[in-house]
Structures are given as C-alpha cells and as structure tokens.
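See structure below.
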Amino acid sequence: MSNKAIFKAKILIVDDQSLAQSYMKQALESLGFRSVVSADRAKTAIELCTQNKFDLILCSFNLGHGKDGYQLYEELKVKSLIKRTAGFIFISAETDPSLVHSVVELQPDDFLAKPFSIKVFGERIKKLLNRKKVLAEIFDYIDVENYSKALRKVDEKIQDQTYASYSPILLRLRGELLLSLNRTAEAKEFFKSVLSFQKFTWARVGLVEALIHNSEFSLAKDMLEVMLTKSETRLVANHLLGKLELHMENYQQAQLYITEATALAPRNIDRQHTLVNLTRLNHDYEKSYSVNKEILKYAKHSIHDSPEIYLNLARAGVDYALTLDQSDLVNRLTRQSQDCLKELRTQFPDAHAQEQLDIVNARIHYLKDERNKALRLVEQLNDEDLIHSIDDALDKAKVLHELGFHQRSSQLFDKISKHSEKYQANNTTLNMYLKQEQKERDEIKFGPKDLNNNAVKFYQQGRYIDALHMFNQAFRIMPKNASIALNLLQTIFDANQHGGTSINTEQVNTCVQLVDANVHRLDKEQSQRYEKMKPNIETILGQRK
C-alpha cells in the first residue's frame, strides 16, 4: 500500500476527553492523515459506524457514562459494523490485569498504552493499515464465512515471496481457517509443523484445539498444564482445560477451570453463561448466584444487557435460598431478589415480562411459606406453556413442581429439553443440566425446602428409614449443603442403630469431607452434634482403611 493511499484512510477517534481527542487528531494530521472524525461516547461512535465505513478506529477504554471501549468494540463486531478489513486499536493508561486479559481476548488489532510518542503512534498505524490492505480479500471472505475461498487465497500468498513479511499472520490465518472448516486432522499436522520451526503461542493453542476436537485428550491436557504455568497463556489454558473437561464429562473439574478463566477475564459474558450452566449442573447454588451477579455487573450497557439477566439473578437468588436453613441469609437473598425485580422494571419499563415476574414472585412466596399467595399467581399463568425463552420456561417448570403440579411440570421439562436440543444443540452444559433437572424432578417430588423439612419431621418421629430416604434425596440435589450433610450423617448412624440398615462408608466419607470444609459455617448446636458423632465417624472410616 503506497503512502499516498494510506493517508486517504478514514479514521475514527473515540475518547471522552476533548484534550485526548485533540492530541490524537493533531498527531494524525501531522503524519499526513486528513479524514479524521471524533466521537466522545460509544453511542455516537455506533451511529457514525452505522453511517460510515472507517478504515481505522482508535478507541479509549474509558468513555465516561454508558458503554466503555470494550463494550463498544464487542457491539461493533456482533453487529458487523466493523469489518476485518478495518483496524481497531485500544488506547488506555490502565494496566489492570483483568482489563488487559479481557481486551486481549477480544482480539483487537493493537493495544497502545499511554503515554506514547507520535513516532511510535504513526509507525503502528501505518503498519496496521498496510496489513489490512494487503490481506483485504482474505478478510472479506472470512467476514462472509466463505472459509474455503479465504484458505485458497491464504495459500496463494504463502507461496508468493512478495508476501514473505506477512508470513506469521498468513500462517495463523491458515490454522484458524482449517479449524473453522473442521479439517482438524490437517490442522493438527499444520500446527505441529509450524511449532517445529517457531514456538508461536497461537500455534500451541491451535494444536490443543485440534487435539480436543480429535478426542486426543491426554496429549491436549499435557500441553495445557505446561501453558498454565506461563502468565501469557494462563487464561487460554484454563479456558481450554474447561472445554476439555466438558468433553470428558468431568463437570466439577470443568467448573474449576472455567472459574479460573472467568476470574482472569470477567468481561467474557458467554463464558460466564457457560459457568452458570456448570454451577447448576453441579448443584452449586451459591456459585451460580455469585456468577449471575457478575454477569449483571459486566453486562450493563453492553449488547448483553436485557431483562433476562435481572430475572436470572433473581431466580438464582431463589434457587440458592431454597437450599439454606439460615433464616437471616434466606431473608437477605429474598430481599435482593425482590430488589433485582424492581431494578428490572426501572431499567426496562417497556419490557413484556409480567408472567416472568409473577413466576419469580410465586417462588419467593413459596420460599416464605406463603403457599396460597404462590398458588394464586401460578393459577393465573398461561396454560399453553409456549417456549420463547428456556430460562423463562425452566423457572415456570420449577414453580409448578414446587407447588405440586408434577405432571404439568414434567410435560414442560420435556418440551424445554426438546426445544434446547433443537435450538441449542451445541450448548452441551445447558442440555446436560436440563436432562439432569428433568430426571431429578421426575424422581424427587419435593423441592429442596420441603425435602429437608419432611426429613427432619420423620427423624423427630423416629422414622429413621423414611428420614434417611428424604435426606438422601436432599443431599442428591444439595451436595454442597453442609447442614444437609450433617443431618444425613446423623440419620445414617441412627438408622443403622435402630433399623439395622448398613452403612455406606463412601457416603459417610463424602459427608465428612463437606462438613469439615464448612465447619466454620456450622452454628453452635450443629458443632456440638458433629463433635458427638466423631467417635462413630472415626470407627467407620477406620474400618474402611
């Protein structure tokens, strides 16, 4: 690309500080650029990108009120308002690791840390614009998902020595296109050949993705465990290890890795949603609630902002509260869920969400032992059970089950599963969670709160076998609840003493590990009970050894 052509590039500066805008504009003009436009906020930038085709966007991360630079770039990409032929450079003085990781994961063309010299500024821009022009035809094909033609053009340029200086990016594009075309066996050999002469990070990542796709999990895991030890690859290693464990159906381990990736780059909302599904699959209600809070925090002002994220946080609060026996925490979660619904009405006054609000409120009434109020809300719900949103339908199925409408709940769960398999076929965690939820609701007719209450009642009546059955069901759907584990332990021992039932040492060990890990959460009465049980526990587990 000739210098003359470079200076015809249309450039957009996005910065809420007028002095910063002025400095960059003057710098660009001093370099020879003449077509420079400025915007002081994301909304204006989106309007300008809707009306114009820019060759380069220079964007500050902090943009005052509303969307930040990350959310702006994400929206421009999702709405195809910026093509791959255009360059995007983030400019920021911030070096917070979670911000840097999040930005890098979004894959802008460059990241300039303030302060920078005009010379460096000019060199980076010219280099980027040249690259975009030379590879424009390839990027155009990728934009329309014509990966086969894009790959042919990449191969042509790799063979042409004229483009030797672009070899690294052409090789990277080739690997990405092979993966996009599901030519994973070829991709595997390609990445291995690249790594044989240059240890590119992107080639390591590409090879791991190809290995996972080919179900070569052991090799992939070995590579990823090495990548975990390096700061520059820790994020992608955790992300891919989570993906690998998902393929292997190791959901607890997958949650741990995805949690680490999310902590490193919390702005990736799609990964946060994957984590929510994993927490639900693992019956980790506390974590599910905290992740939904994070989603709401980072989704505000973004393309992900919607009534659904407020509803989902309120729902997660109810799900969590139903598994607890600490009245103060239950009351706090109930208030927070109600506050979340109020905020929804404020932020989205025109949202058609009355039925969804009624369902959440019905579950809150059920939580507060206000069964008649819950029934009145449920009785006025639409009987058609049409599925417009899986989360909406799922919450409806839950409240129907909790209030005893088991047949209708089961039918709705069946509809939800079929809908998800059809329209969310690639969402493995969601589909596994829905199948598990449906199976548990079919086999266990009581909600978490009723299971525990009934189990305690049976125990107090001396019906230890019935209590054991109920506590087993409660622990199945609340495997992280230390109070349930403690009650189950005591019932196991009493049922053995009074009813002659055998003791499952594996189950005792599982309960003990959970109680020991959460002993600080036990109240005084629970702690005393646990101390009294310890001789029995030591005897049973000692025999096991």
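As shown in the structure tokens, the chain order sets the letters A, B, ...; within each chain, residues go from 1, and ligands are also counted from 1 in the order they appear.
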*Skipping near chain neighbours, those fewer than 5 positions away, what residues fall within 12 Å of A:Leu99 using only C-alpha atoms, listed as a VMD selection string?*
chain A and resid 61 to 62 68 to 71 90 92 to 94 104 to 106 111 262 to 268 298
Rows by chain and residue number, stretch 459-507 of chain A within 10 Å of stretch 520-543 of chain A, shortest pair, only C-alpha atoms, as a Markdown table:
```
| residue | atom | partner | partner_atom | distance |
| --- | --- | --- | --- | --- |
| A:Ala482 | CA | A:Leu522 | CA | 7.9 |
| A:Ser483 | CA | A:Leu522 | CA | 7.4 |
| A:Leu486 | CA | A:Tyr530 | CA | 7.2 |
| A:Asn487 | CA | A:Gln526 | CA | 9.1 |
| A:Leu489 | CA | A:Met533 | CA | 8.3 |
| A:Gln490 | CA | A:Met533 | CA | 7.3 |
| A:Phe493 | CA | A:Asn536 | CA | 7.9 |
| A:Ile503 | CA | A:Ile540 | CA | 8.4 |
| A:Asn504 | CA | A:Ile540 | CA | 9.3 |
| A:Thr505 | CA | A:Leu541 | CA | 6.7 |
| A:Glu506 | CA | A:Leu541 | CA | 8.9 |
```
*asked:* Counting only C-alpha atoms, which residue out of A:Lys480, A:Arg34, A:His304, A:Lys53 sits closest to A:Lys287?
replied: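 With only C-alpha atoms as the atom set, the closest residue is A:Lys480.
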Each residue of stretch 367-462 of chain A lying at most 12 Å from stretch 226-247 of chain A should get a row with its shortest atom-to-atom pair and the distance in Å to one decimal, counting only C-alpha atoms; could you produce that, ordered by chain and increasing number, as a tab-separated table?
```
residue	atom	partner	partner_atom	distance
A:Asn426	CA	A:His247	CA	11.8
A:Asn427	CA	A:Leu246	CA	10.8
A:Thr428	CA	A:Leu246	CA	7.9
A:Thr429	CA	A:Leu246	CA	7.7
A:Leu430	CA	A:Leu246	CA	11.5
A:Met432	CA	A:Leu246	CA	10.4
```
*Which one of A:Asn282, A:Leu367, A:Lys342, A:Pro168 sits closest to A:Val194 if you count only C-alpha atoms?*
A:Pro168
*Apply DSSP to the backbone of this structure and, from stretch 44-158 of chain A, keep only the residues in strand (DSSP E); write these as a ChimeraX atom specification.*
/A:56-60,87-92,110-113
Output N, CA and C atoms of each residue in that selection to a file, as a tab-separated table (two decimals), in the first residue's frame.
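Wrote again-v6.tsv, looks like this:
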```
chain	number	residue	atom	x	y	z
A	56	LEU	N	-9.98	2.70	10.15
A	56	LEU	CA	-9.29	2.55	11.43
A	56	LEU	C	-10.09	3.23	12.53
A	57	ILE	N	-10.19	2.55	13.69
A	57	ILE	CA	-10.82	3.15	14.86
A	57	ILE	C	-9.82	3.13	16.00
A	58	LEU	N	-9.58	4.30	16.58
A	58	LEU	CA	-8.71	4.45	17.75
A	58	LEU	C	-9.63	4.70	18.94
A	59	CYS	N	-9.64	3.80	19.90
A	59	CYS	CA	-10.65	3.86	20.96
A	59	CYS	C	-10.04	3.80	22.35
A	60	SER	N	-10.41	4.77	23.17
A	60	SER	CA	-10.02	4.75	24.58
A	60	SER	C	-10.89	3.73	25.31
A	87	GLY	N	-9.11	-1.59	10.89
A	87	GLY	CA	-8.27	-1.78	12.07
A	87	GLY	C	-8.93	-1.22	13.31
A	88	PHE	N	-8.66	-1.83	14.47
A	88	PHE	CA	-9.18	-1.33	15.74
A	88	PHE	C	-8.06	-1.36	16.76
A	89	ILE	N	-7.74	-0.19	17.32
A	89	ILE	CA	-6.66	-0.07	18.30
A	89	ILE	C	-7.22	0.48	19.61
A	90	PHE	N	-7.02	-0.26	20.71
A	90	PHE	CA	-7.38	0.24	22.03
A	90	PHE	C	-6.26	1.12	22.55
A	91	ILE	N	-6.65	2.21	23.19
A	91	ILE	CA	-5.68	3.13	23.79
A	91	ILE	C	-6.08	3.33	25.24
A	92	SER	N	-5.17	3.02	26.16
A	92	SER	CA	-5.52	3.13	27.58
A	92	SER	C	-4.28	3.28	28.44
A	110	ASP	N	-4.52	-3.98	17.91
A	110	ASP	CA	-3.36	-3.48	18.66
A	110	ASP	C	-3.84	-2.86	19.96
A	111	PHE	N	-2.91	-2.67	20.88
A	111	PHE	CA	-3.20	-2.03	22.17
A	111	PHE	C	-2.07	-1.07	22.46
A	112	LEU	N	-2.38	0.21	22.54
A	112	LEU	CA	-1.37	1.24	22.80
A	112	LEU	C	-1.53	1.74	24.23
A	113	ALA	N	-0.47	1.64	25.02
A	113	ALA	CA	-0.51	2.13	26.39
A	113	ALA	C	-0.08	3.59	26.42
```
*By how many Å are atom CA of A:Val134 and atom CA of A:Lys157 apart?*
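Separation of atom CA of A:Val134 and atom CA of A:Lys157: 9.9 Å.
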*Tell me, as a ChimeraX atom specification, which residues lie within 9 Å of A:Ile444, counting only C-alpha atoms; anything in the same chain fewer than 5 positions away does not count.*
/A:439,451,473-474
Report as a Markdown table: every residue of stretch 290-342 of chain A with an atom at most 12 Å from stretch 397-420 of chain A, its closest pair of atoms, and their distance in Å to one decimal, counting only C-alpha atoms, with rows sorted by chain and ascending residue number.
```
| residue | atom | partner | partner_atom | distance |
| --- | --- | --- | --- | --- |
| A:Arg315 | CA | A:Lys398 | CA | 10.3 |
| A:Val318 | CA | A:Val399 | CA | 10.8 |
| A:Asp319 | CA | A:Lys398 | CA | 9.7 |
| A:Leu322 | CA | A:Glu402 | CA | 10.5 |
```
*Would you mind listing what lies within 12 Å of A:Asp143 as a list in words, with only C-alpha atoms counted and same-chain residues fewer than 2 positions away left out?*
Lys77, Val78, Lys79, Ser80, Leu81, Ile82, Lys83, Arg84, Thr85, Ala86, Ala136, Glu137, Ile138, Phe139, Asp140, Tyr141, Glu145, Asn146, Tyr147, Lys149 and Ala150 of chain A
Output the selection as a PDB file, in the first residue's frame - N, CA and C atoms for each residue.
```pdb
ATOM      1  N   LYS A  77     -18.499  -5.516  16.597  1.00  0.00           N
ATOM      2  CA  LYS A  77     -18.210  -6.823  15.996  1.00  0.00           C
ATOM      3  C   LYS A  77     -19.481  -7.651  15.825  1.00  0.00           C
ATOM      4  N   VAL A  78     -20.291  -7.715  16.869  1.00  0.00           N
ATOM      5  CA  VAL A  78     -21.514  -8.539  16.833  1.00  0.00           C
ATOM      6  C   VAL A  78     -22.473  -8.037  15.768  1.00  0.00           C
ATOM      7  N   LYS A  79     -22.574  -6.725  15.631  1.00  0.00           N
ATOM      8  CA  LYS A  79     -23.496  -6.134  14.657  1.00  0.00           C
ATOM      9  C   LYS A  79     -22.873  -5.950  13.279  1.00  0.00           C
ATOM     10  N   SER A  80     -21.645  -6.444  13.125  1.00  0.00           N
ATOM     11  CA  SER A  80     -20.919  -6.341  11.842  1.00  0.00           C
ATOM     12  C   SER A  80     -20.793  -4.893  11.364  1.00  0.00           C
ATOM     13  N   LEU A  81     -20.627  -3.978  12.324  1.00  0.00           N
ATOM     14  CA  LEU A  81     -20.430  -2.572  11.980  1.00  0.00           C
ATOM     15  C   LEU A  81     -18.951  -2.266  11.762  1.00  0.00           C
ATOM     16  N   ILE A  82     -18.118  -3.237  12.055  1.00  0.00           N
ATOM     17  CA  ILE A  82     -16.701  -3.106  11.737  1.00  0.00           C
ATOM     18  C   ILE A  82     -16.274  -4.409  11.065  1.00  0.00           C
ATOM     19  N   LYS A  83     -15.664  -4.278   9.905  1.00  0.00           N
ATOM     20  CA  LYS A  83     -15.220  -5.451   9.149  1.00  0.00           C
ATOM     21  C   LYS A  83     -13.777  -5.776   9.512  1.00  0.00           C
ATOM     22  N   ARG A  84     -13.345  -6.981   9.127  1.00  0.00           N
ATOM     23  CA  ARG A  84     -11.964  -7.370   9.400  1.00  0.00           C
ATOM     24  C   ARG A  84     -10.970  -6.550   8.589  1.00  0.00           C
ATOM     25  N   THR A  85     -11.452  -5.909   7.530  1.00  0.00           N
ATOM     26  CA  THR A  85     -10.566  -5.057   6.730  1.00  0.00           C
ATOM     27  C   THR A  85     -10.254  -3.746   7.439  1.00  0.00           C
ATOM     28  N   ALA A  86     -11.022  -3.440   8.495  1.00  0.00           N
ATOM     29  CA  ALA A  86     -10.786  -2.213   9.265  1.00  0.00           C
ATOM     30  C   ALA A  86      -9.937  -2.544  10.490  1.00  0.00           C
ATOM     31  N   ALA A 136      -6.866  -7.725   2.478  1.00  0.00           N
ATOM     32  CA  ALA A 136      -8.282  -7.345   2.418  1.00  0.00           C
ATOM     33  C   ALA A 136      -9.167  -8.426   1.805  1.00  0.00           C
ATOM     34  N   GLU A 137      -8.692  -9.040   0.705  1.00  0.00           N
ATOM     35  CA  GLU A 137      -9.525 -10.041   0.032  1.00  0.00           C
ATOM     36  C   GLU A 137      -9.788 -11.242   0.949  1.00  0.00           C
ATOM     37  N   ILE A 138      -8.777 -11.633   1.680  1.00  0.00           N
ATOM     38  CA  ILE A 138      -8.925 -12.751   2.622  1.00  0.00           C
ATOM     39  C   ILE A 138      -9.932 -12.394   3.711  1.00  0.00           C
ATOM     40  N   PHE A 139      -9.777 -11.192   4.283  1.00  0.00           N
ATOM     41  CA  PHE A 139     -10.682 -10.757   5.344  1.00  0.00           C
ATOM     42  C   PHE A 139     -12.126 -10.652   4.856  1.00  0.00           C
ATOM     43  N   ASP A 140     -12.300 -10.210   3.613  1.00  0.00           N
ATOM     44  CA  ASP A 140     -13.655 -10.117   3.048  1.00  0.00           C
ATOM     45  C   ASP A 140     -14.323 -11.493   2.997  1.00  0.00           C
ATOM     46  N   TYR A 141     -13.574 -12.509   2.587  1.00  0.00           N
ATOM     47  CA  TYR A 141     -14.128 -13.868   2.531  1.00  0.00           C
ATOM     48  C   TYR A 141     -14.458 -14.384   3.934  1.00  0.00           C
ATOM     49  N   GLU A 145     -17.985 -15.656   5.875  1.00  0.00           N
ATOM     50  CA  GLU A 145     -17.836 -17.069   6.262  1.00  0.00           C
ATOM     51  C   GLU A 145     -17.583 -18.001   5.076  1.00  0.00           C
ATOM     52  N   ASN A 146     -16.952 -17.460   4.046  1.00  0.00           N
ATOM     53  CA  ASN A 146     -16.526 -18.297   2.918  1.00  0.00           C
ATOM     54  C   ASN A 146     -15.085 -18.723   3.196  1.00  0.00           C
ATOM     55  N   TYR A 147     -14.959 -19.676   4.134  1.00  0.00           N
ATOM     56  CA  TYR A 147     -13.641 -20.056   4.629  1.00  0.00           C
ATOM     57  C   TYR A 147     -12.807 -20.799   3.582  1.00  0.00           C
ATOM     58  N   LYS A 149     -12.673 -20.269   0.255  1.00  0.00           N
ATOM     59  CA  LYS A 149     -12.019 -19.298  -0.635  1.00  0.00           C
ATOM     60  C   LYS A 149     -10.945 -18.517   0.110  1.00  0.00           C
ATOM     61  N   ALA A 150     -11.238 -18.199   1.381  1.00  0.00           N
ATOM     62  CA  ALA A 150     -10.239 -17.480   2.186  1.00  0.00           C
ATOM     63  C   ALA A 150      -8.978 -18.317   2.320  1.00  0.00           C
TER      64      ALA A 150
END
```
*Using only C-alpha atoms, determine which residues lie at most 10 Å from A:Asn361, disregarding the query and same-chain residues fewer than 5 positions distant; provide the list as a PyMOL selection string.*
chain A and resi 314-315+318+334+337-338+341+355-356+366-367+373-374+377-378+399
*asked:* Using only C-alpha atoms, can you tell me which of A:Phe446, A:Tyr23, A:Phe33, A:Phe190 comes closest to A:Gly175?
replied: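 Closest candidate: A:Phe190.
Of the residues under consideration (A:Ala9, A:Ile46, A:Leu207, A:Leu386), A:Ala9 shows the shortest atom-to-atom contact distance to A:Gly32 when counting only C-alpha atoms.
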*If you measure from atom CA of A:Leu434 to atom CA of A:Tyr289, what distance in Å do you get, rounded to one decimal?*
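These atoms are spaced 17.9 Å apart.
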*Would you mind telling me which residue in A:Phe475, A:Asp350, A:Glu260, A:Gly64 lies nearest to A:Cys511 when using only C-alpha atoms?*
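For A:Cys511, the nearest of the candidates is A:Phe475.
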*Could you state the separation of atom CA of A:Arg183 and atom CA of A:Ile269 in Å, given to one decimal place?*
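Separation between atom CA of A:Arg183 and atom CA of A:Ile269: 28.3 Å.
You can rank A:Glu421, A:Gln159, A:Phe197, A:Asp15 by their closest distance to A:Ile390 using only C-alpha atoms, and at the top of that list sits A:Glu421.
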